[in-house]
$ cat my_file-v2.txt   # compact mmCIF, C-alpha atoms
# COMPACT_ATOMS: atom_id res chain seq x y z
CA MET A 1 113.97 74.76 -126.90
CA ILE A 2 111.16 75.44 -129.28
CA PHE A 3 107.70 74.23 -128.55
CA LEU A 4 106.11 72.62 -131.52
CA THR A 5 102.52 71.65 -131.74
CA LEU A 6 101.79 68.10 -132.63
CA LEU A 7 102.02 67.12 -136.29
CA ASP A 8 100.44 64.18 -137.96
CA VAL A 9 102.60 61.74 -139.91
CA ASP A 10 102.03 63.33 -143.33
CA GLU A 11 102.75 66.81 -142.02
CA ARG A 12 105.93 65.63 -140.34
CA THR A 13 107.11 63.93 -143.52
CA SER A 14 106.40 67.09 -145.45
CA ILE A 15 108.33 69.26 -142.96
CA GLU A 16 111.19 66.76 -143.12
CA ASN A 17 111.26 66.98 -146.91
CA ILE A 18 111.25 70.78 -146.82
CA TYR A 19 114.04 70.80 -144.27
CA THR A 20 116.13 68.24 -146.15
CA SER A 21 115.69 69.97 -149.51
CA HIS A 22 115.80 73.61 -148.46
CA GLY A 23 117.32 73.80 -144.97
CA ARG A 24 120.69 75.00 -146.23
CA LYS A 25 119.07 77.49 -148.58
CA LEU A 26 116.99 78.96 -145.75
CA LEU A 27 120.05 79.15 -143.53
CA SER A 28 121.93 80.89 -146.33
CA ILE A 29 119.13 83.45 -146.71
CA ALA A 30 119.23 84.19 -142.98
CA ASN A 31 123.01 84.27 -142.90
CA SER A 32 123.18 86.66 -145.87
CA ILE A 33 121.31 89.20 -143.74
CA LEU A 34 122.54 88.48 -140.24
CA LYS A 35 126.13 87.52 -141.10
CA ASP A 36 126.08 85.45 -137.96
CA HIS A 37 125.83 81.71 -138.18
CA HIS A 38 124.15 81.13 -134.80
CA GLU A 39 121.65 83.91 -135.22
CA ALA A 40 120.86 82.62 -138.69
CA GLN A 41 120.10 79.22 -137.18
CA ASP A 42 117.81 80.85 -134.63
CA ALA A 43 115.99 82.68 -137.41
CA VAL A 44 115.46 79.44 -139.35
CA GLN A 45 114.27 77.54 -136.25
CA GLN A 46 111.83 80.29 -135.32
CA SER A 47 110.53 80.37 -138.87
CA PHE A 48 109.94 76.62 -138.87
CA GLU A 49 108.12 77.04 -135.57
CA LYS A 50 105.91 79.73 -137.10
CA LEU A 51 105.18 77.55 -140.08
CA VAL A 52 104.21 74.58 -137.90
CA ASN A 53 102.06 76.68 -135.58
CA ARG A 54 100.27 78.28 -138.50
CA ARG A 55 99.65 75.12 -140.44
CA SER A 56 95.93 75.80 -140.39
CA THR A 57 96.77 78.63 -142.81
CA ILE A 58 99.55 77.03 -144.80
CA ASP A 59 98.91 73.42 -145.73
CA LEU A 60 102.17 71.68 -144.88
CA LYS A 61 101.50 69.00 -147.48
CA ASP A 62 101.67 71.70 -150.19
CA GLN A 63 105.44 71.85 -150.04
CA VAL A 64 105.88 74.56 -152.70
CA ARG A 65 103.60 76.97 -150.86
CA ALA A 66 105.02 76.02 -147.46
CA TYR A 67 108.56 76.66 -148.74
CA ALA A 68 107.51 80.00 -150.27
CA TYR A 69 106.02 81.01 -146.92
CA LEU A 70 109.19 79.88 -145.13
CA LYS A 71 111.40 81.92 -147.44
CA VAL A 72 109.42 85.07 -146.75
CA ILE A 73 109.34 84.63 -143.01
CA VAL A 74 112.98 83.51 -142.69
CA ARG A 75 113.97 86.69 -144.46
CA ASN A 76 111.56 88.80 -142.45
CA GLN A 77 112.68 87.17 -139.19
CA SER A 78 116.33 87.76 -140.08
CA ILE A 79 115.74 91.39 -140.96
CA ASP A 80 113.82 91.90 -137.71
CA MET A 81 116.66 90.34 -135.74
CA TYR A 82 119.22 92.38 -137.60
CA ASN A 83 117.30 95.62 -137.05
CA LYS A 84 116.82 94.85 -133.40
CA LYS A 85 120.53 94.23 -133.04
CA LYS A 86 121.49 97.40 -134.87
CA ARG A 87 118.54 99.36 -133.53
CA ILE A 88 117.50 100.31 -137.02
CA THR A 89 114.07 101.71 -137.69
CA TYR A 90 112.81 102.29 -141.17
CA LYS A 91 111.84 105.70 -142.28
CA GLU A 92 110.20 106.45 -145.56
CA PRO A 93 112.60 108.19 -147.96
CA GLU A 94 111.68 111.83 -148.21
CA TYR A 95 110.96 111.69 -151.90
CA ILE A 96 108.32 109.01 -151.24
CA GLU A 97 106.69 110.89 -148.39
CA ASN A 98 106.75 114.21 -150.21
CA LEU A 99 105.96 112.99 -153.69
CA GLU A 100 102.82 114.71 -154.72
CA ILE A 101 100.39 112.66 -156.69
CA ILE A 102 99.36 114.98 -159.45
CA ASP A 103 96.37 113.18 -160.77
CA ASP A 104 94.16 110.39 -159.59
CA THR A 105 95.22 107.92 -162.22
CA ASP A 106 94.85 104.36 -161.03
CA ILE A 107 97.84 102.20 -160.39
CA GLU A 108 96.58 99.83 -163.10
CA ARG A 109 97.20 102.30 -165.92
CA ASP A 110 100.82 102.69 -164.97
CA LEU A 111 101.52 99.05 -164.44
CA ILE A 112 100.52 98.29 -168.02
CA ASN A 113 103.60 100.20 -169.11
CA PHE A 114 105.77 98.62 -166.47
CA GLU A 115 106.83 95.09 -167.20
CA ASN A 116 109.72 94.48 -164.91
CA SER A 117 108.01 93.51 -161.68
CA LYS A 118 111.23 92.00 -160.36
CA GLU A 119 112.88 95.37 -160.46
CA LEU A 120 109.85 96.91 -158.84
CA ALA A 121 109.86 94.29 -156.09
CA LEU A 122 113.50 95.03 -155.49
CA LYS A 123 112.83 98.75 -155.19
CA LEU A 124 109.96 98.13 -152.86
CA ASP A 125 112.13 95.89 -150.75
CA GLN A 126 114.79 98.55 -150.60
CA LEU A 127 112.28 101.11 -149.41
CA ASN A 128 111.15 98.86 -146.61
CA PRO A 129 111.52 95.07 -146.59
CA LYS A 130 108.20 94.79 -144.74
CA TYR A 131 106.42 96.18 -147.82
CA ALA A 132 107.65 93.40 -150.07
CA THR A 133 106.85 90.86 -147.34
CA VAL A 134 103.24 91.95 -146.84
CA ILE A 135 102.63 92.25 -150.59
CA THR A 136 103.95 88.71 -151.08
CA LEU A 137 101.97 87.24 -148.18
CA LYS A 138 98.80 89.08 -149.14
CA TYR A 139 98.75 88.82 -152.92
CA PHE A 140 100.98 85.93 -153.86
CA LEU A 141 100.32 83.55 -150.95
CA GLU A 142 96.80 84.97 -150.57
CA LEU A 143 96.76 85.00 -146.77
CA GLU A 144 94.10 86.85 -144.81
CA ASN A 145 95.05 89.99 -142.91
CA THR A 146 94.65 88.21 -139.56
CA GLU A 147 97.01 85.47 -140.68
CA ILE A 148 99.60 87.93 -141.94
CA ALA A 149 99.38 89.97 -138.74
CA ASP A 150 99.82 86.76 -136.79
CA THR A 151 102.85 85.79 -138.87
CA LEU A 152 104.49 89.20 -138.51
CA ASP A 153 103.58 89.53 -134.82
CA CYS A 154 101.75 92.79 -135.31
CA SER A 155 98.19 93.98 -134.96
CA GLU A 156 95.79 93.98 -137.88
CA SER A 157 95.55 97.76 -137.81
CA THR A 158 99.35 98.03 -138.01
CA LEU A 159 99.26 95.61 -140.91
CA ARG A 160 96.67 97.70 -142.72
CA VAL A 161 98.91 100.75 -142.32
CA ILE A 162 101.92 98.83 -143.66
CA LEU A 163 99.86 97.55 -146.57
CA HIS A 164 98.56 101.03 -147.38
CA ARG A 165 102.06 102.50 -147.26
CA ALA A 166 103.39 99.64 -149.39
CA LYS A 167 100.82 100.37 -152.08
CA LYS A 168 101.42 104.08 -151.85
CA SER A 169 105.15 103.59 -152.19
CA LEU A 170 104.62 101.25 -155.08
CA LYS A 171 102.45 103.78 -156.82
CA ASN A 172 105.04 106.49 -156.33
CA VAL A 173 107.87 104.28 -157.52
CA LEU A 174 105.82 103.39 -160.58
CA ARG A 175 105.05 106.99 -161.29
CA SER A 176 108.66 108.08 -160.97
CA GLU A 177 109.74 105.19 -163.22
CA VAL A 178 107.15 105.96 -165.88
CA SER A 179 107.87 109.67 -165.88
CA MET B 1 87.41 99.67 -166.66
CA SER B 2 85.05 98.59 -163.96
CA ASN B 3 86.16 98.67 -160.35
CA GLU B 4 86.08 94.90 -160.17
CA MET B 5 88.30 94.61 -163.22
CA ASN B 6 90.65 97.22 -161.81
CA LYS B 7 90.92 95.29 -158.57
CA LYS B 8 91.65 92.03 -160.40
CA ILE B 9 94.40 93.63 -162.45
CA SER B 10 95.79 95.31 -159.40
CA ASP B 11 95.77 92.07 -157.41
CA THR B 12 97.44 90.18 -160.24
CA PHE B 13 100.09 92.85 -160.54
CA LEU B 14 100.72 92.83 -156.80
CA ALA B 15 100.91 89.02 -156.88
CA SER B 16 103.55 89.29 -159.59
CA ILE B 17 105.48 91.69 -157.35
CA GLY B 18 105.23 89.07 -154.59
CA GLU B 19 106.41 86.34 -156.93
CA ALA B 20 109.31 88.52 -158.05
CA HIS B 21 110.17 89.13 -154.41
CA LEU B 22 110.26 85.39 -153.76
CA GLU B 23 112.44 84.88 -156.82
CA SER B 24 114.87 87.50 -155.57
CA ILE B 25 115.05 85.70 -152.21
CA GLU B 26 115.54 82.39 -154.01
CA SER B 27 118.40 83.91 -156.01
CA ILE B 28 120.49 84.23 -152.86
CA PRO B 29 123.15 81.57 -153.40
CA GLU B 30 123.44 78.63 -151.08
CA ASN B 31 126.41 78.97 -148.83
CA MET B 32 127.98 75.53 -148.75
CA ASP B 33 130.43 76.56 -146.02
CA LEU B 34 127.69 76.99 -143.47
CA ASP B 35 127.77 74.44 -140.68
CA MET B 36 124.39 72.70 -140.52
CA SER B 37 125.13 70.39 -137.59
CA ASP B 38 123.38 72.49 -134.91
CA LEU B 39 120.35 73.00 -137.08
CA ASP B 40 120.29 69.30 -137.96
CA SER B 41 120.40 68.31 -134.30
CA TRP B 42 117.61 70.78 -133.53
CA PHE B 43 115.58 69.25 -136.32
CA GLU B 44 116.26 65.73 -135.05
CA ASP B 45 115.09 66.83 -131.58
CA PHE B 46 112.00 68.31 -133.12
CA ASN B 47 111.25 65.06 -134.95
CA GLU B 48 111.92 63.00 -131.85
CA ARG B 49 109.60 65.16 -129.72
CA ASN B 50 106.87 64.80 -132.28
CA THR B 51 107.35 61.07 -132.54
CA LYS B 52 107.18 60.78 -128.74
CA GLU B 53 104.03 62.88 -128.64
CA GLN B 54 102.51 60.72 -131.35
CA ARG B 55 103.38 57.60 -129.35
CA LYS B 56 101.93 59.16 -126.21
CA ILE B 57 98.70 59.95 -128.02
CA ARG B 58 98.56 56.45 -129.50
CA GLY B 59 99.14 55.05 -125.98
CA LYS B 60 96.33 57.18 -124.56
CA ARG B 61 94.03 56.07 -127.36
CA SER B 62 94.87 52.40 -126.70
CA PHE B 63 94.29 52.89 -122.97
CA LYS B 64 90.91 54.49 -123.61
CA PHE B 65 90.02 51.64 -125.96
CA LEU B 66 91.03 49.13 -123.29
CA LEU B 67 88.94 50.95 -120.68
CA ARG B 68 85.95 50.78 -122.99
CA ILE B 69 86.44 47.04 -123.44
CA VAL B 70 86.67 46.54 -119.67
CA ALA B 71 83.58 48.68 -119.12
CA LEU B 72 81.68 46.70 -121.74
CA PHE B 73 82.82 43.46 -120.14
CA LEU B 74 81.65 44.61 -116.70
CA ILE B 75 78.31 45.76 -118.07
CA SER B 76 77.89 42.39 -119.80
CA ILE B 77 78.68 40.56 -116.55
CA GLY B 78 76.14 42.76 -114.75
CA LEU B 79 73.50 41.99 -117.36
CA VAL B 80 74.21 38.25 -117.17
CA PHE B 81 73.88 38.30 -113.38
CA THR B 82 70.67 40.25 -113.58
CA GLY B 83 69.32 37.77 -116.10
CA LEU B 84 70.37 34.82 -113.98
CA PHE B 85 68.61 36.07 -110.92
CA ALA B 86 65.53 36.80 -113.01
CA GLY B 87 64.38 40.17 -111.94
CA VAL B 88 65.46 43.20 -110.05
CA GLU B 89 63.90 42.19 -106.74
CA ALA B 90 65.45 38.74 -106.79
CA PHE B 91 68.79 40.24 -107.71
CA ARG B 92 68.56 42.68 -104.83
CA VAL B 93 67.61 39.97 -102.37
CA GLU B 94 70.18 37.46 -103.48
CA VAL B 95 73.12 39.68 -104.17
CA LEU B 96 72.79 43.11 -102.60
CA ASN B 97 71.34 41.89 -99.30
CA PHE B 98 73.99 39.25 -99.14
CA ILE B 99 76.62 41.96 -99.44
CA THR B 100 75.01 44.62 -97.27
CA THR B 101 73.57 42.56 -94.43
CA GLU B 102 76.67 40.59 -93.69
CA GLU B 103 76.95 40.86 -89.93
CA SER B 104 79.45 39.62 -87.45
CA THR B 105 77.30 36.87 -85.99
CA HIS B 106 74.51 36.27 -88.46
CA THR B 107 74.14 36.08 -92.18
CA LEU B 108 70.52 36.91 -92.69
CA VAL B 109 68.52 36.69 -95.86
CA GLN B 110 65.16 38.17 -96.59
CA ILE B 111 62.46 35.82 -97.78
CA GLU B 112 60.23 36.73 -100.65
CA ASN B 113 56.47 36.52 -100.95
CA LEU B 114 55.72 37.47 -97.36
CA SER B 115 53.97 40.66 -98.34
CA GLU B 116 50.65 38.90 -98.94
CA ILE B 117 50.76 37.40 -95.46
CA ARG B 118 51.79 40.70 -93.92
CA ASP B 119 48.85 42.33 -95.69
CA ARG B 120 46.62 40.18 -93.48
CA GLY B 121 48.11 41.91 -90.42
CA VAL B 122 50.56 39.17 -89.59
CA VAL B 123 53.80 40.30 -87.95
CA LEU B 124 56.71 38.44 -89.48
CA PRO B 125 60.48 38.72 -89.15
CA GLU B 126 62.35 40.84 -91.69
CA TYR B 127 65.22 38.38 -91.82
CA PHE B 128 65.80 34.68 -91.47
CA PRO B 129 68.87 32.44 -91.34
CA LYS B 130 70.15 31.65 -94.82
CA GLY B 131 68.37 28.75 -96.49
CA MET B 132 65.05 29.31 -94.75
CA SER B 133 62.04 29.64 -96.95
CA LEU B 134 58.32 29.94 -96.51
CA PHE B 135 56.81 26.49 -96.16
CA SER B 136 53.17 27.18 -95.31
CA TYR B 137 50.71 29.70 -94.02
CA GLU B 138 47.20 29.17 -92.69
CA GLN B 139 44.67 31.06 -90.63
CA VAL B 140 42.57 29.04 -88.20
CA ASN B 141 39.95 31.23 -86.57
CA ARG B 142 41.97 34.10 -85.19
CA ILE B 143 45.27 32.30 -85.22
CA HIS B 144 47.78 32.86 -88.01
CA LYS B 145 50.16 29.95 -88.46
CA THR B 146 53.24 30.47 -90.59
CA THR B 147 55.91 27.85 -91.09
CA PHE B 148 59.45 28.23 -92.47
CA LYS B 149 61.84 25.41 -93.22
CA ASP B 150 65.26 24.82 -94.70
CA GLU B 151 66.91 21.82 -96.34
CA ASN B 152 68.54 20.73 -93.07
CA GLU B 153 65.22 20.03 -91.40
CA HIS B 154 65.34 23.22 -89.40
CA PHE B 155 61.96 24.76 -88.90
CA ILE B 156 60.32 27.84 -87.42
CA TYR B 157 56.65 27.83 -86.45
CA LEU B 158 55.23 31.29 -85.89
CA HIS B 159 51.86 31.69 -84.30
CA GLN B 160 50.06 34.99 -83.92
CA ALA B 161 46.72 35.33 -82.13
CA ASN B 162 44.74 38.17 -80.59
CA LEU B 163 45.06 38.83 -76.90
CA GLU B 164 41.82 37.02 -76.05
CA THR B 165 43.09 33.72 -77.40
CA GLN B 166 44.45 31.41 -74.77
CA ILE B 167 47.54 29.43 -75.60
CA GLN B 168 49.05 26.65 -73.51
CA PHE B 169 52.64 25.43 -73.49
CA ASP B 170 54.06 22.16 -72.25
CA THR B 171 56.68 23.04 -69.66
CA GLU B 172 57.13 19.57 -68.21
CA LYS B 173 60.84 18.71 -67.93
CA ALA B 174 61.59 21.97 -69.63
CA GLU B 175 63.81 24.92 -68.81
CA VAL B 176 61.80 28.15 -68.63
CA SER B 177 63.40 31.56 -68.67
CA LYS B 178 62.93 35.18 -69.81
CA VAL B 179 64.91 37.52 -72.00
CA LEU B 180 64.52 41.17 -73.08
CA VAL B 181 64.34 41.69 -76.83
CA ASN B 182 63.67 45.18 -78.22
CA ASP B 183 62.48 46.22 -74.74
CA LEU B 184 59.90 43.44 -74.77
CA GLU B 185 59.92 40.71 -72.20
CA VAL B 186 60.07 37.42 -74.05
CA SER B 187 59.64 34.10 -72.22
CA TYR B 188 61.13 30.96 -73.59
CA ILE B 189 60.99 27.26 -72.94
CA LEU B 190 63.78 24.89 -73.91
CA LYS B 191 62.71 21.29 -74.18
CA GLY B 192 65.23 18.97 -75.76
CA ASN B 193 66.61 20.98 -78.63
CA ILE B 194 63.41 22.83 -79.29
CA TYR B 195 62.87 26.39 -78.19
CA THR B 196 59.47 27.94 -77.67
CA PHE B 197 59.44 31.73 -77.34
CA TYR B 198 56.29 33.61 -76.47
CA TRP B 199 55.49 37.24 -75.88
CA TYR B 200 52.75 39.78 -76.47
CA ASP B 201 52.24 43.44 -77.37
CA ASN B 202 49.17 45.68 -77.15
CA PHE B 203 47.30 43.77 -79.86
CA ASN B 204 48.47 40.19 -80.17
CA ASN B 205 50.33 37.45 -78.51
CA TYR B 206 53.03 35.61 -80.39
CA SER B 207 54.81 32.32 -80.15
CA LEU B 208 57.77 30.97 -82.02
CA VAL B 209 58.77 27.31 -81.96
CA SER B 210 62.03 26.25 -83.58
CA ASN B 211 64.95 23.86 -83.49
CA ILE B 212 67.55 26.39 -84.63
CA SER B 213 70.06 28.06 -82.34
CA TYR B 214 69.10 30.41 -79.51
CA ASP B 215 71.15 33.27 -81.02
CA ASP B 216 69.48 32.97 -84.40
CA LEU B 217 66.05 32.95 -82.77
CA ILE B 218 66.79 36.07 -80.74
CA GLU B 219 67.91 37.78 -83.99
CA ILE B 220 64.69 36.71 -85.70
CA ILE B 221 62.57 38.12 -82.87
CA LYS B 222 64.58 41.36 -83.01
CA PHE B 223 63.54 41.79 -86.63
CA MET B 224 59.86 41.05 -86.11
CA LYS B 225 57.97 43.94 -87.75
$ encode --input "my_file-v2.txt" --output "structure tokens"
Amino acid sequence: MIFLTLLDVDERTSIENIYTSHGRKLLSIANSILKDHHEAQDAVQQSFEKLVNRRSTIDLKDQVRAYAYLKVIVRNQSIDMYNKKKRITYKEPEYIENLEIIDDTDIERDLINFENSKELALKLDQLNPKYATVITLKYFLELENTEIADTLDCSESTLRVILHRAKKSLKNVLRSEVS
Amino acid sequence: MSNEMNKKISDTFLASIGEAHLESIESIPENMDLDMSDLDSWFEDFNERNTKEQRKIRGKRSFKFLLRIVALFLISIGLVFTGLFAGVEAFRVEVLNFITTEESTHTLVQIENLSEIRDRGVVLPEYFPKGMSLFSYEQVNRIHKTTFKDENEHFIYLHQANLETQIQFDTEKAEVSKVLVNDLEVSYILKGNIYTFYWYDNFNNYSLVSNISYDDLIEIIKFMK
């Protein structure tokens, strides 16, 4: 059984609306990764629990934002569960680790020439799904590092490392694409 | 480009990556074959638990509100009583003493306004039978005469005089006896239904004449201070 902190009436209504409108979608996202119906349900439940317990960060009445947050953490939760089950640990591809940055050109210069952010997001996600998750939580949902660390059950220092690697990977992907 | 501008562009770009990531998640098709019943029942449980908690909290709030009302009511009653008995001292005498000095054989009530008489060096009882009140006080030469009466024509005459003063008692056709009260030997005369008690200490002699019961009179003498 999941412990849920007490919600007020508006928050409960909002959660109900999110569940009614997007419950199946969230379950589908989890199931697409886990390929196990029961585990997918667990992932969705745990994600709802996280959302409710972190409602000081994510306003539950803002359903669009709450749903966006749920999507990210359902996926992240599912990937974590899948990795745990398969004992998979991510390792940076060699070309990313060994790619030498020739000059000190800022990321901004390259991104001007790169319009397809969806493709970039996909590549980033393929490198390590955590990268796409932290970038989304940090820059799209604009959460603080403490809140992200709390959501991902990791320390802030670990988060900073993930964030740094995500940016580094992104820069390298950009550079390889541009060249 | 300034650093600030660079950061803004970078943040915007990274936000667009985040948005694209969300879109790619959203693009995962809904699987209509998935059984939602377990998840639905979990969600119903979740809602039920929250509703119960809400009810519990509302109940607690109502209980607290009720307690406040009761407390206010009790305070109001207390204030009304205090007002009725007009003053703290009167309240204490009439209510608290009544509660605290309830004894097995005697219900004794303190009488007010004796302090002025006591200030003259007169020894008076601390307690009297209920209903007794100060009727009169006078000093004739060295004799202090204090009288108490109640509505049922009961009376207590208390006389206090120094040891040199001679006092005579009528003992004709009377029963004379002695009793020990607070280690003092007290003589008493019963004539008809009237008792006369007399005794002395190192400074004064005392007499008490009354038509109330022997037991009450012994209690009064016990509380002579």
$ atom_distance --input "my_file-v2.txt" --atom1 "atom CA of A:Asp80" --atom2 "atom CA of A:Ala43"
9.5 Å
$ closest_atom_pairs --input "my_file-v2.txt" --of "stretch 8-104 of chain A" --to "stretch 30-53 of chain B" --cutoff "9 Å" --atoms "only C-alpha atoms" --output "Markdown table"
| residue | atom | partner | partner_atom | distance |
| --- | --- | --- | --- | --- |
| A:Asp8 | CA | B:Asn50 | CA | 8.6 |
| A:Val9 | CA | B:Thr51 | CA | 8.8 |
| A:Arg12 | CA | B:Asn47 | CA | 7.6 |
| A:Glu16 | CA | B:Asn47 | CA | 8.3 |
| A:Tyr19 | CA | B:Phe43 | CA | 8.2 |
| A:Gly23 | CA | B:Met36 | CA | 8.4 |
| A:Arg24 | CA | B:Glu30 | CA | 6.7 |
| A:Lys25 | CA | B:Glu30 | CA | 5.2 |
| A:Leu26 | CA | B:Glu30 | CA | 8.4 |
| A:Leu27 | CA | B:Leu34 | CA | 7.9 |
| A:Ser28 | CA | B:Glu30 | CA | 5.5 |
| A:Ile29 | CA | B:Glu30 | CA | 7.8 |
| A:Asn31 | CA | B:Asn31 | CA | 8.6 |
| A:Ser32 | CA | B:Asn31 | CA | 8.9 |
| A:His37 | CA | B:Leu34 | CA | 7.3 |
| A:His38 | CA | B:Asp38 | CA | 8.7 |
| A:Gln41 | CA | B:Leu39 | CA | 6.2 |
| A:Asp42 | CA | B:Leu39 | CA | 8.6 |
| A:Val44 | CA | B:Leu39 | CA | 8.4 |
| A:Gln45 | CA | B:Leu39 | CA | 7.6 |
$ axis_aligned_box --input "my_file-v2.txt" --around "stretch 39-57 of chain A" --padding-each-side "5 Å" --output "lines of an AutoDock Vina configuration file"
center_x = 108.8
center_y = 79.2
center_z = -138.7
size_x = 35.7
size_y = 19.3
size_z = 18.2
$ residues_around --input "my_file-v2.txt" --residues "B:Ile25" --least-positions-apart "4" --cutoff "8 Å" --atoms "all atoms listed in the file" --output "PyMOL selection string"
(chain A and resi 29+71-72+75) or (chain B and resi 21)
$ closest_residue --input "my_file-v2.txt" --among "A:Tyr67, A:Lys35, A:Val52, A:Gln46" --to "A:Glu11" --atoms "all atoms listed in the file"
A:Val52
$ interface_residues --input "my_file-v2.txt" --of "chain A" --to "chain B" --cutoff "6 Å" --atoms "only C-alpha atoms" --output "MDAnalysis selection string"
chainID A and resid 25 28 108 117:118 121 135:136 139:140
$ atom_distance --input "my_file-v2.txt" --atom1 "atom CA of A:Asn17" --atom2 "atom CA of B:Lys56"
24.0 Å
$ atom_distance --input "my_file-v2.txt" --atom1 "atom CA of A:Lys85" --atom2 "atom CA of A:Asp125"
19.7 Å
$ residues_around --input "my_file-v2.txt" --residues "A:Asp59" --least-positions-apart "5" --cutoff "12 Å" --atoms "only C-alpha atoms" --output "count of residues only"
18
$ closest_residue --input "my_file-v2.txt" --among "A:Gln63, A:Leu122, A:Val134, A:Thr57" --to "A:Thr20" --atoms "all atoms listed in the file"
A:Gln63
$ closest_residue --input "my_file-v2.txt" --among "B:Tyr157, B:Leu67, B:Thr196, B:Val186" --to "B:Ala174" --atoms "all atoms listed in the file"
B:Thr196
$ build_atoms --input "my_file-v2.txt" --residues "stretch 149-163 of chain A" --atoms "N, CA, C and O atoms" --output "PDB file, keeping the file's coordinate frame"
ATOM      1  N   ALA A 149      99.073  89.277-139.998  1.00  0.00           N
ATOM      2  CA  ALA A 149      99.380  89.970-138.740  1.00  0.00           C
ATOM      3  C   ALA A 149      99.951  88.986-137.722  1.00  0.00           C
ATOM      4  O   ALA A 149     100.920  89.279-137.017  1.00  0.00           O
ATOM      5  N   ASP A 150      99.365  87.815-137.701  1.00  0.00           N
ATOM      6  CA  ASP A 150      99.820  86.760-136.790  1.00  0.00           C
ATOM      7  C   ASP A 150     101.259  86.339-137.135  1.00  0.00           C
ATOM      8  O   ASP A 150     102.109  86.186-136.272  1.00  0.00           O
ATOM      9  N   THR A 151     101.512  86.193-138.413  1.00  0.00           N
ATOM     10  CA  THR A 151     102.850  85.790-138.870  1.00  0.00           C
ATOM     11  C   THR A 151     103.897  86.852-138.533  1.00  0.00           C
ATOM     12  O   THR A 151     104.999  86.535-138.116  1.00  0.00           O
ATOM     13  N   LEU A 152     103.512  88.111-138.710  1.00  0.00           N
ATOM     14  CA  LEU A 152     104.490  89.200-138.510  1.00  0.00           C
ATOM     15  C   LEU A 152     104.469  89.747-137.083  1.00  0.00           C
ATOM     16  O   LEU A 152     105.148  90.738-136.793  1.00  0.00           O
ATOM     17  N   ASP A 153     103.682  89.104-136.232  1.00  0.00           N
ATOM     18  CA  ASP A 153     103.580  89.530-134.820  1.00  0.00           C
ATOM     19  C   ASP A 153     103.217  91.010-134.703  1.00  0.00           C
ATOM     20  O   ASP A 153     103.864  91.776-133.972  1.00  0.00           O
ATOM     21  N   CYS A 154     102.224  91.406-135.450  1.00  0.00           N
ATOM     22  CA  CYS A 154     101.750  92.790-135.310  1.00  0.00           C
ATOM     23  C   CYS A 154     100.224  92.775-135.308  1.00  0.00           C
ATOM     24  O   CYS A 154      99.607  91.756-135.594  1.00  0.00           O
ATOM     25  N   SER A 155      99.658  93.929-134.980  1.00  0.00           N
ATOM     26  CA  SER A 155      98.190  93.980-134.960  1.00  0.00           C
ATOM     27  C   SER A 155      97.672  94.124-136.382  1.00  0.00           C
ATOM     28  O   SER A 155      98.425  94.503-137.295  1.00  0.00           O
ATOM     29  N   GLU A 156      96.386  93.869-136.540  1.00  0.00           N
ATOM     30  CA  GLU A 156      95.790  93.980-137.880  1.00  0.00           C
ATOM     31  C   GLU A 156      95.786  95.428-138.356  1.00  0.00           C
ATOM     32  O   GLU A 156      95.962  95.699-139.546  1.00  0.00           O
ATOM     33  N   SER A 157      95.583  96.347-137.406  1.00  0.00           N
ATOM     34  CA  SER A 157      95.550  97.760-137.810  1.00  0.00           C
ATOM     35  C   SER A 157      96.943  98.194-138.276  1.00  0.00           C
ATOM     36  O   SER A 157      97.072  98.926-139.280  1.00  0.00           O
ATOM     37  N   THR A 158      97.977  97.720-137.575  1.00  0.00           N
ATOM     38  CA  THR A 158      99.350  98.030-138.010  1.00  0.00           C
ATOM     39  C   THR A 158      99.571  97.458-139.413  1.00  0.00           C
ATOM     40  O   THR A 158     100.163  98.117-140.279  1.00  0.00           O
ATOM     41  N   LEU A 159      99.087  96.253-139.605  1.00  0.00           N
ATOM     42  CA  LEU A 159      99.260  95.610-140.910  1.00  0.00           C
ATOM     43  C   LEU A 159      98.596  96.432-142.014  1.00  0.00           C
ATOM     44  O   LEU A 159      99.165  96.624-143.091  1.00  0.00           O
ATOM     45  N   ARG A 160      97.382  96.908-141.704  1.00  0.00           N
ATOM     46  CA  ARG A 160      96.670  97.700-142.720  1.00  0.00           C
ATOM     47  C   ARG A 160      97.459  98.957-143.086  1.00  0.00           C
ATOM     48  O   ARG A 160      97.514  99.354-144.252  1.00  0.00           O
ATOM     49  N   VAL A 161      98.086  99.547-142.056  1.00  0.00           N
ATOM     50  CA  VAL A 161      98.910 100.750-142.320  1.00  0.00           C
ATOM     51  C   VAL A 161     100.097 100.383-143.209  1.00  0.00           C
ATOM     52  O   VAL A 161     100.390 101.075-144.195  1.00  0.00           O
ATOM     53  N   ILE A 162     100.756  99.268-142.865  1.00  0.00           N
ATOM     54  CA  ILE A 162     101.920  98.830-143.660  1.00  0.00           C
ATOM     55  C   ILE A 162     101.490  98.573-145.112  1.00  0.00           C
ATOM     56  O   ILE A 162     102.159  98.998-146.066  1.00  0.00           O
ATOM     57  N   LEU A 163     100.351  97.896-145.239  1.00  0.00           N
ATOM     58  CA  LEU A 163      99.860  97.550-146.570  1.00  0.00           C
ATOM     59  C   LEU A 163      99.532  98.815-147.376  1.00  0.00           C
ATOM     60  O   LEU A 163      99.869  98.925-148.567  1.00  0.00           O
TER      61      LEU A 163
END
